[in-house]
file entry21.cif (mmCIF, C-alpha atoms and all ligand atoms)
data_my_file
loop_
_atom_site.group_PDB
_atom_site.id
_atom_site.type_symbol
_atom_site.label_atom_id
_atom_site.label_comp_id
_atom_site.auth_asym_id
_atom_site.auth_seq_id
_atom_site.Cartn_x
_atom_site.Cartn_y
_atom_site.Cartn_z
ATOM 1 C CA MET I 55 0.000 0.000 0.000
ATOM 2 C CA PRO I 56 1.428 3.466 -0.842
ATOM 3 C CA THR I 57 2.741 5.406 2.124
ATOM 4 C CA ILE I 58 2.450 8.979 3.292
ATOM 5 C CA PRO I 59 5.885 9.191 4.941
ATOM 6 C CA ALA I 60 6.070 10.599 8.459
ATOM 7 C CA ARG I 61 6.337 14.415 8.374
ATOM 8 C CA SER I 62 6.019 14.352 4.590
ATOM 9 C CA PHE I 63 3.389 14.119 1.870
ATOM 10 C CA ALA I 64 1.828 12.071 -0.907
ATOM 11 C CA THR I 65 -0.460 12.922 -3.807
ATOM 12 C CA GLN I 66 -2.982 10.903 -5.780
ATOM 13 C CA ARG I 67 -4.929 11.780 -8.914
ATOM 14 C CA LEU I 68 -8.480 10.405 -8.968
ATOM 15 C CA GLN I 69 -10.878 10.051 -11.877
ATOM 16 C CA ALA I 70 -14.508 10.824 -11.113
ATOM 17 C CA GLY I 71 -15.946 7.805 -9.329
ATOM 18 C CA GLN I 72 -12.622 6.524 -7.977
ATOM 19 C CA SER I 73 -12.165 6.424 -4.225
ATOM 20 C CA ILE I 74 -9.186 6.805 -1.949
ATOM 21 C CA LYS I 75 -8.844 4.939 1.336
ATOM 22 C CA ILE I 76 -6.649 6.754 3.865
ATOM 23 C CA THR I 77 -5.525 4.570 6.765
ATOM 24 C CA ASN I 78 -4.293 5.779 10.128
ATOM 25 C CA THR I 79 -1.701 3.029 10.460
ATOM 26 C CA SER I 80 -0.372 4.043 13.873
ATOM 27 C CA GLY I 81 -3.680 5.216 15.303
ATOM 28 C CA GLY I 82 -2.629 8.715 16.320
ATOM 29 C CA GLN I 83 -1.592 10.409 13.115
ATOM 30 C CA VAL I 84 -3.407 13.435 11.701
ATOM 31 C CA ILE I 85 -3.505 13.679 7.907
ATOM 32 C CA ASP I 86 -4.049 17.166 6.493
ATOM 33 C CA THR I 87 -5.915 16.593 3.250
ATOM 34 C CA TRP I 88 -6.671 18.847 0.267
ATOM 35 C CA ALA I 89 -8.239 18.253 -3.139
ATOM 36 C CA PHE I 90 -7.916 20.419 -6.233
ATOM 37 C CA SER I 91 -9.976 19.932 -9.393
ATOM 38 C CA VAL I 92 -8.210 19.065 -12.609
ATOM 39 C CA PRO I 93 -10.088 21.108 -15.212
ATOM 40 C CA GLU I 94 -10.691 19.634 -18.662
ATOM 41 C CA THR I 95 -9.251 22.796 -20.171
ATOM 42 C CA PRO I 96 -6.444 24.136 -18.006
ATOM 43 C CA THR I 97 -6.693 27.828 -17.250
ATOM 44 C CA SER I 98 -4.738 30.258 -15.145
ATOM 45 C CA THR I 99 -7.854 31.327 -13.247
ATOM 46 C CA PHE I 100 -8.275 30.782 -9.549
ATOM 47 C CA PRO I 101 -8.332 27.045 -8.731
ATOM 48 C CA ARG I 102 -11.316 25.073 -7.584
ATOM 49 C CA TYR I 103 -10.439 23.309 -4.379
ATOM 50 C CA MET I 104 -12.133 21.455 -1.547
ATOM 51 C CA SER I 105 -13.220 24.162 0.874
ATOM 52 C CA MET I 106 -13.953 23.610 4.540
ATOM 53 C CA ILE I 107 -15.806 26.898 5.007
ATOM 54 C CA HIS I 108 -18.080 26.202 2.027
ATOM 55 C CA THR I 109 -18.651 22.631 3.230
ATOM 56 C CA ARG I 110 -19.629 23.741 6.732
ATOM 57 C CA SER I 111 -21.974 26.432 5.485
ATOM 58 C CA THR I 112 -23.513 24.208 2.779
ATOM 59 C CA LEU I 113 -24.165 21.326 5.199
ATOM 60 C CA ARG I 114 -24.714 23.650 8.180
ATOM 61 C CA LYS I 115 -22.584 21.404 10.364
ATOM 62 C CA LEU I 116 -18.915 20.789 11.039
ATOM 63 C CA LEU I 117 -18.480 17.565 9.052
ATOM 64 C CA PRO I 118 -20.225 15.529 6.372
ATOM 65 C CA ALA I 119 -21.737 12.219 7.447
ATOM 66 C CA PRO I 120 -21.129 9.117 5.300
ATOM 67 C CA GLY I 121 -23.064 9.680 2.074
ATOM 68 C CA GLU I 122 -22.502 13.431 2.145
ATOM 69 C CA ALA I 123 -19.869 15.409 0.294
ATOM 70 C CA PHE I 124 -17.189 17.973 0.904
ATOM 71 C CA VAL I 125 -17.783 20.795 -1.562
ATOM 72 C CA ASP I 126 -15.417 23.124 -3.358
ATOM 73 C CA ASN I 127 -15.218 26.899 -3.345
ATOM 74 C CA LYS I 128 -18.080 26.961 -5.877
ATOM 75 C CA ARG I 129 -20.149 24.712 -3.570
ATOM 76 C CA ASP I 130 -20.033 21.727 -5.944
ATOM 77 C CA PRO I 131 -19.299 18.281 -4.462
ATOM 78 C CA ILE I 132 -15.662 17.276 -4.932
ATOM 79 C CA LEU I 133 -15.049 14.410 -2.443
ATOM 80 C CA SER I 134 -17.809 12.355 -0.829
ATOM 81 C CA LEU I 135 -17.350 10.599 2.475
ATOM 82 C CA VAL I 136 -18.179 7.002 1.562
ATOM 83 C CA GLU I 137 -17.068 5.202 4.704
ATOM 84 C CA ASP I 138 -15.650 6.237 8.047
ATOM 85 C CA ALA I 139 -14.149 3.315 9.967
ATOM 86 C CA SER I 140 -12.927 5.524 12.803
ATOM 87 C CA PRO I 141 -14.661 7.234 15.722
ATOM 88 C CA GLY I 142 -15.688 9.902 13.194
ATOM 89 C CA VAL I 143 -13.614 12.638 14.798
ATOM 90 C CA HIS I 144 -12.048 14.932 12.205
ATOM 91 C CA ASP I 145 -11.387 18.654 12.146
ATOM 92 C CA THR I 146 -12.381 21.295 9.621
ATOM 93 C CA LEU I 147 -11.572 24.345 11.764
ATOM 94 C CA PHE I 148 -7.804 24.451 12.259
ATOM 95 C CA ALA I 149 -5.419 25.920 9.714
ATOM 96 C CA ALA I 150 -2.575 23.766 8.466
ATOM 97 C CA CYS I 151 0.536 23.991 10.614
ATOM 98 C CA SER I 152 3.031 26.364 9.033
ATOM 99 C CA PRO I 153 6.470 27.835 9.754
ATOM 100 C CA GLU I 154 4.817 30.757 11.576
ATOM 101 C CA ARG I 155 2.855 28.358 13.784
ATOM 102 C CA TYR I 156 6.013 26.571 14.915
ATOM 103 C CA VAL I 157 7.692 29.870 15.751
ATOM 104 C CA GLN I 158 4.620 30.861 17.812
ATOM 105 C CA LEU I 159 4.893 27.559 19.695
ATOM 106 C CA GLY I 160 8.558 28.094 20.508
ATOM 107 C CA GLY I 161 9.985 26.049 17.640
ATOM 108 C CA THR I 162 11.765 27.222 14.520
ATOM 109 C CA ALA I 163 10.568 28.253 11.068
ATOM 110 C CA GLU I 164 12.595 25.348 9.612
ATOM 111 C CA HIS I 165 10.325 22.777 11.308
ATOM 112 C CA ASP I 166 8.514 20.558 8.792
ATOM 113 C CA SER I 167 4.939 21.755 8.300
ATOM 114 C CA CYS I 168 1.765 20.796 6.473
ATOM 115 C CA ALA I 169 1.653 24.156 4.662
ATOM 116 C CA VAL I 170 5.136 23.639 3.220
ATOM 117 C CA ASN I 171 4.314 19.991 2.485
ATOM 118 C CA LEU I 172 1.353 21.128 0.371
ATOM 119 C CA TYR I 173 3.542 23.558 -1.551
ATOM 120 C CA GLU I 174 6.224 20.917 -2.153
ATOM 121 C CA ALA I 175 3.563 18.375 -3.122
ATOM 122 C CA VAL I 176 1.982 20.712 -5.665
ATOM 123 C CA LYS I 177 5.444 21.279 -7.162
ATOM 124 C CA THR I 178 5.646 17.544 -7.919
ATOM 125 C CA ARG I 179 2.517 17.626 -10.122
ATOM 126 C CA ASP I 180 3.018 18.219 -13.833
ATOM 127 C CA GLU I 181 -0.644 18.866 -14.773
ATOM 128 C CA PRO I 182 -0.692 22.372 -16.342
ATOM 129 C CA CYS I 183 -3.422 23.570 -13.952
ATOM 130 C CA PHE I 184 -1.056 23.271 -11.000
ATOM 131 C CA GLU I 185 1.174 26.010 -12.351
ATOM 132 C CA ALA I 186 -1.474 28.538 -11.265
ATOM 133 C CA VAL I 187 -1.972 26.761 -7.921
ATOM 134 C CA ARG I 188 1.769 26.940 -7.297
ATOM 135 C CA GLY I 189 1.657 30.673 -7.923
ATOM 136 C CA PHE I 190 -1.128 31.253 -5.395
ATOM 137 C CA LEU I 191 0.525 29.027 -2.789
ATOM 138 C CA GLY I 192 3.808 30.817 -3.388
ATOM 139 C CA CYS I 193 2.078 34.072 -2.402
ATOM 140 C CA GLY I 194 1.212 32.556 0.975
ATOM 141 C CA TRP I 195 -2.292 31.200 0.316
ATOM 142 C CA VAL I 196 -3.079 27.863 1.999
ATOM 143 C CA PRO I 197 -6.620 26.464 1.684
ATOM 144 C CA ASP I 198 -8.135 25.209 4.926
ATOM 145 C CA PRO I 199 -7.284 21.511 5.178
ATOM 146 C CA LEU I 200 -9.527 18.620 6.062
ATOM 147 C CA ASN I 201 -7.678 17.440 9.160
ATOM 148 C CA LEU I 202 -8.460 13.748 9.119
ATOM 149 C CA PHE I 203 -8.367 12.053 12.531
ATOM 150 C CA MET I 204 -7.652 15.365 14.319
ATOM 151 C CA ASN I 205 -9.502 15.782 17.607
ATOM 152 C CA VAL I 206 -10.519 19.360 18.298
ATOM 153 C CA GLY I 207 -12.688 20.068 21.305
ATOM 154 C CA VAL I 208 -15.384 22.631 20.509
ATOM 155 C CA GLY I 209 -17.417 24.232 23.281
ATOM 156 C CA GLY I 210 -18.097 27.413 25.160
ATOM 157 C CA GLY I 211 -16.952 29.436 22.183
ATOM 158 C CA ARG I 212 -13.487 27.874 22.332
ATOM 159 C CA VAL I 213 -11.624 25.358 20.171
ATOM 160 C CA GLN I 214 -8.798 23.258 21.527
ATOM 161 C CA THR I 215 -6.507 20.563 20.123
ATOM 162 C CA VAL I 216 -6.681 17.396 22.217
ATOM 163 C CA GLU I 217 -5.317 13.843 22.052
ATOM 164 C CA PRO I 218 -6.539 11.735 19.128
ATOM 165 C CA VAL I 219 -9.205 9.074 19.738
ATOM 166 C CA THR I 220 -8.417 6.992 16.661
ATOM 167 C CA ARG I 221 -7.071 3.425 16.759
ATOM 168 C CA PRO I 222 -4.425 1.740 14.592
ATOM 169 C CA GLY I 223 -5.967 0.758 11.265
ATOM 170 C CA ASP I 224 -8.841 3.247 11.383
ATOM 171 C CA TYR I 225 -9.584 4.593 7.919
ATOM 172 C CA VAL I 226 -11.828 6.769 5.804
ATOM 173 C CA VAL I 227 -12.880 6.306 2.184
ATOM 174 C CA LEU I 228 -13.424 9.399 0.050
ATOM 175 C CA ARG I 229 -14.876 9.230 -3.478
ATOM 176 C CA ALA I 230 -14.038 11.762 -6.173
ATOM 177 C CA GLU I 231 -17.156 13.416 -7.522
ATOM 178 C CA ARG I 232 -15.045 14.752 -10.371
ATOM 179 C CA GLU I 233 -11.454 14.500 -11.519
ATOM 180 C CA CYS I 234 -9.109 15.891 -8.905
ATOM 181 C CA VAL I 235 -5.754 15.465 -7.213
ATOM 182 C CA VAL I 236 -5.728 14.673 -3.499
ATOM 183 C CA PHE I 237 -2.817 16.006 -1.433
ATOM 184 C CA MET I 238 -2.083 14.397 1.928
ATOM 185 C CA SER I 239 0.370 15.611 4.583
ATOM 186 C CA ALA I 240 1.290 13.416 7.555
ATOM 187 C CA CYS I 241 1.220 16.273 10.064
ATOM 188 C CA PRO I 242 4.688 16.777 11.611
ATOM 189 C CA MET I 243 3.313 18.521 14.728
ATOM 190 C CA ASP I 244 5.344 17.334 17.731
ATOM 191 C CA ILE I 245 4.773 20.306 20.038
ATOM 192 C CA ALA I 246 0.954 20.327 20.407
ATOM 193 C CA ALA I 247 -1.004 17.159 21.258
ATOM 194 C CA CYS I 248 -2.759 16.543 17.944
ATOM 195 C CA ASN I 249 -0.731 13.486 16.864
ATOM 196 C CA GLY I 250 -0.655 11.944 20.333
ATOM 197 C CA GLY I 251 3.167 11.781 20.321
ATOM 198 C CA GLU I 252 5.773 11.302 17.606
ATOM 199 C CA PRO I 253 4.527 11.897 14.067
ATOM 200 C CA THR I 254 4.248 8.690 12.078
ATOM 201 C CA SER I 255 3.538 7.576 8.531
ATOM 202 C CA ALA I 256 0.147 6.561 7.174
ATOM 203 C CA GLU I 257 -1.071 4.594 4.166
ATOM 204 C CA PHE I 258 -3.514 5.032 1.322
ATOM 205 C CA ALA I 259 -4.967 3.057 -1.539
ATOM 206 C CA VAL I 260 -7.074 3.808 -4.600
ATOM 207 C CA LEU I 261 -10.246 1.743 -4.708
HETATM 208 ZN ZN ZN P 301 0.349 19.856 10.393
#

call {"tool": "encode", "arguments": {"input": "entry21.cif", "output": "structure tokens", "more": "lines below"}}
Ligand SMILES: [Zn+2]
result
Amino acid sequence: MPTIPARSFATQRLQAGQSIKITNTSGGQVIDTWAFSVPETPTSTFPRYMSMIHTRSTLRKLLPAPGEAFVDNKRDPILSLVEDASPGVHDTLFAACSPERYVQLGGTAEHDSCAVNLYEAVKTRDEPCFEAVRGFLGCGWVPDPLNLFMNVGVGGGRVQTVEPVTRPGDYVVLRAERECVVFMSACPMDIAACNGGEPTSAEFAVL
């Protein structure tokens, strides 16, 4: 099974109707996940990407249930949640960790981060549409990630990262509603509690 290396990233292109299974091999690892459409006719216009804020406001809840879809920034379905073989705890509120975040937490800007992983991952794609995405990311834009398996306590107007509740082998299956590339970052956070300890690798498969 292909691996998302610890602290690093993997990408997978999906045709419409194909699914990706993302497995939390160790049980505690958060996977920051993005999806960008691959347009039939590449353009340099703003990309269409899976958007957490549009998903929350379309569904009027924090997360899709199995059978519901994450939507893009035009509110069209892009990835559907087919199966969730985990406690169903994922986050759509927290930004990807970034060099600035590690400095704020007392680390250094050279620390591996999900934001930089996304940028490096996009650089590995040779589809023409990702030239424009690279440009926007290079200006500092980072779409809100789907933080798979991340446990964020929400209550009393506050949000707080807490220990994961996932178990080794937990997985989700996401189906492409149209052609897209999925970007996955095995979150390298080792200062806050979100990965429950040392960052580890994870696995994925196309179904
Ligand atoms: Zn991260």

call {"tool": "closest_atom_pairs", "arguments": {"input": "entry21.cif", "of": "chain I", "to": "ligand ZN 301 (chain P)", "cutoff": "7 Å", "atoms": "all atoms listed in the file", "output": "tab-separated table"}}
result
residue	atom	partner	partner_atom	distance
I:Asp86	CA	P:ZN301	ZN	6.5
I:Ala150	CA	P:ZN301	ZN	5.2
I:Cys151	CA	P:ZN301	ZN	4.1
I:Ser167	CA	P:ZN301	ZN	5.4
I:Cys168	CA	P:ZN301	ZN	4.3
I:Cys241	CA	P:ZN301	ZN	3.7
I:Pro242	CA	P:ZN301	ZN	5.5
I:Met243	CA	P:ZN301	ZN	5.4

call {"tool": "closest_residue", "arguments": {"input": "entry21.cif", "among": "I:Asp198, I:Glu217, I:Glu231, I:Glu252", "to": "Ala149 in chain I", "atoms": "all atoms listed in the file"}}
result
I:Asp198

call {"tool": "residues_around", "arguments": {"input": "entry21.cif", "residues": "Asn205 in chain I", "least_positions_apart": "6", "cutoff": "8 Å", "atoms": "all atoms listed in the file", "output": "mmCIF file with C-alpha atoms, in the frame of the given file"}}
result
data_model
loop_
_atom_site.group_PDB
_atom_site.id
_atom_site.type_symbol
_atom_site.label_atom_id
_atom_site.label_comp_id
_atom_site.auth_asym_id
_atom_site.auth_seq_id
_atom_site.Cartn_x
_atom_site.Cartn_y
_atom_site.Cartn_z
ATOM 1 C CA VAL I 143 -13.614 12.638 14.798
ATOM 2 C CA HIS I 144 -12.048 14.932 12.205
ATOM 3 C CA ASP I 145 -11.387 18.654 12.146
ATOM 4 C CA THR I 215 -6.507 20.563 20.123
ATOM 5 C CA VAL I 216 -6.681 17.396 22.217
ATOM 6 C CA GLU I 217 -5.317 13.843 22.052
ATOM 7 C CA PRO I 218 -6.539 11.735 19.128
ATOM 8 C CA VAL I 219 -9.205 9.074 19.738
ATOM 9 C CA CYS I 248 -2.759 16.543 17.944
#

call {"tool": "residues_around", "arguments": {"input": "entry21.cif", "residues": "Thr112 in chain I", "least_positions_apart": "6", "cutoff": "12 Å", "atoms": "only C-alpha atoms", "output": "CSV table (one decimal) with C-alpha atoms, in the coordinates of the input"}}
result
chain,number,residue,atom,x,y,z
I,105,SER,CA,-13.2,24.2,0.9
I,106,MET,CA,-14.0,23.6,4.5
I,118,PRO,CA,-20.2,15.5,6.4
I,122,GLU,CA,-22.5,13.4,2.1
I,123,ALA,CA,-19.9,15.4,0.3
I,124,PHE,CA,-17.2,18.0,0.9
I,125,VAL,CA,-17.8,20.8,-1.6
I,126,ASP,CA,-15.4,23.1,-3.4
I,127,ASN,CA,-15.2,26.9,-3.3
I,128,LYS,CA,-18.1,27.0,-5.9
I,129,ARG,CA,-20.1,24.7,-3.6
I,130,ASP,CA,-20.0,21.7,-5.9
I,131,PRO,CA,-19.3,18.3,-4.5

call {"tool": "residues_around", "arguments": {"input": "entry21.cif", "residues": "Arg67 in chain I", "least_positions_apart": "2", "cutoff": "12 Å", "atoms": "all atoms listed in the file", "output": "NGL selection string"}}
result
:I and (64-65 or 69-74 or 88-92 or 176 or 179-181 or 229-230 or 232-238 or 259-260)

call {"tool": "atom_distance", "arguments": {"input": "entry21.cif", "atom1": "CA of Val213 in chain I", "atom2": "CA of Leu159 in chain I"}}
result
16.7 Å

call {"tool": "closest_residue", "arguments": {"input": "entry21.cif", "among": "I:Leu135, I:Leu228, I:Cys183, I:Ser255", "to": "Leu68 in chain I", "atoms": "all atoms listed in the file"}}
result
I:Leu228

call {"tool": "closest_residue", "arguments": {"input": "entry21.cif", "among": "I:Leu147, I:Val84, I:Leu113, I:Ile132", "to": "Arg212 in chain I", "atoms": "only C-alpha atoms"}}
result
I:Leu147

call {"tool": "atom_distance", "arguments": {"input": "entry21.cif", "atom1": "CA of Trp195 in chain I", "atom2": "CA of Gly207 in chain I"}}
result
25.9 Å

call {"tool": "residues_around", "arguments": {"input": "entry21.cif", "residues": "Phe190 in chain I", "least_positions_apart": "5", "cutoff": "12 Å", "atoms": "all atoms listed in the file", "output": "list in words"}}
result
Ser98, Thr99, Phe100, Pro101, Leu172, Tyr173, Val176, Cys183, Phe184, Glu185, Trp195, Val196 and Pro197 of chain I

call {"tool": "atom_distance", "arguments": {"input": "entry21.cif", "atom1": "CA of Leu191 in chain I", "atom2": "CA of Leu117 in chain I"}}
result
25.2 Å

call {"tool": "axis_aligned_box", "arguments": {"input": "entry21.cif", "around": "range 112-125 of chain I", "padding_each_side": "6 Å", "output": "JSON"}}
result
{"center_x": -21.0, "center_y": 16.7, "center_z": 4.7, "size_x": 19.5, "size_y": 27.1, "size_z": 24.6}

call {"tool": "closest_residue", "arguments": {"input": "entry21.cif", "among": "I:Asn78, I:Gly160, I:Leu116, I:Ile107", "to": "Val208 in chain I", "atoms": "only C-alpha atoms"}}
result
I:Leu116

call {"tool": "resolve_selection", "arguments": {"input": "entry21.cif", "expression": "the PyMOL selection byres (((chain I and resi 166) around 12) and not hetatm)", "output": "VMD selection string"}}
result
chain I and resid 60 to 63 150 to 157 161 to 165 167 to 174 239 to 245 253

call {"tool": "closest_residue", "arguments": {"input": "entry21.cif", "among": "I:Pro141, I:Gln66, I:Gly189, I:Ala175", "to": "Met204 in chain I", "atoms": "only C-alpha atoms"}}
result
I:Pro141

call {"tool": "closest_residue", "arguments": {"input": "entry21.cif", "among": "I:Leu202, I:Ala186, I:Cys193, I:Leu261", "to": "Asp138 in chain I", "atoms": "all atoms listed in the file"}}
result
I:Leu202

call {"tool": "residues_around", "arguments": {"input": "entry21.cif", "residues": "Gly82 in chain I", "least_positions_apart": "3", "cutoff": "7 Å", "atoms": "all atoms listed in the file", "output": "number ranges by chain"}}
result
I: 218, 220-221, 249-250

call {"tool": "write_last_selection", "arguments": {"input": "entry21.cif", "atoms": "C-alpha atoms", "output": "JSON list (two decimals), keeping the file's coordinate frame"}}
result
[["chain", "number", "residue", "atom", "x", "y", "z"],
["I", 218, "PRO", "CA", -6.54, 11.74, 19.13],
["I", 220, "THR", "CA", -8.42, 6.99, 16.66],
["I", 221, "ARG", "CA", -7.07, 3.42, 16.76],
["I", 249, "ASN", "CA", -0.73, 13.49, 16.86],
["I", 250, "GLY", "CA", -0.66, 11.94, 20.33]]
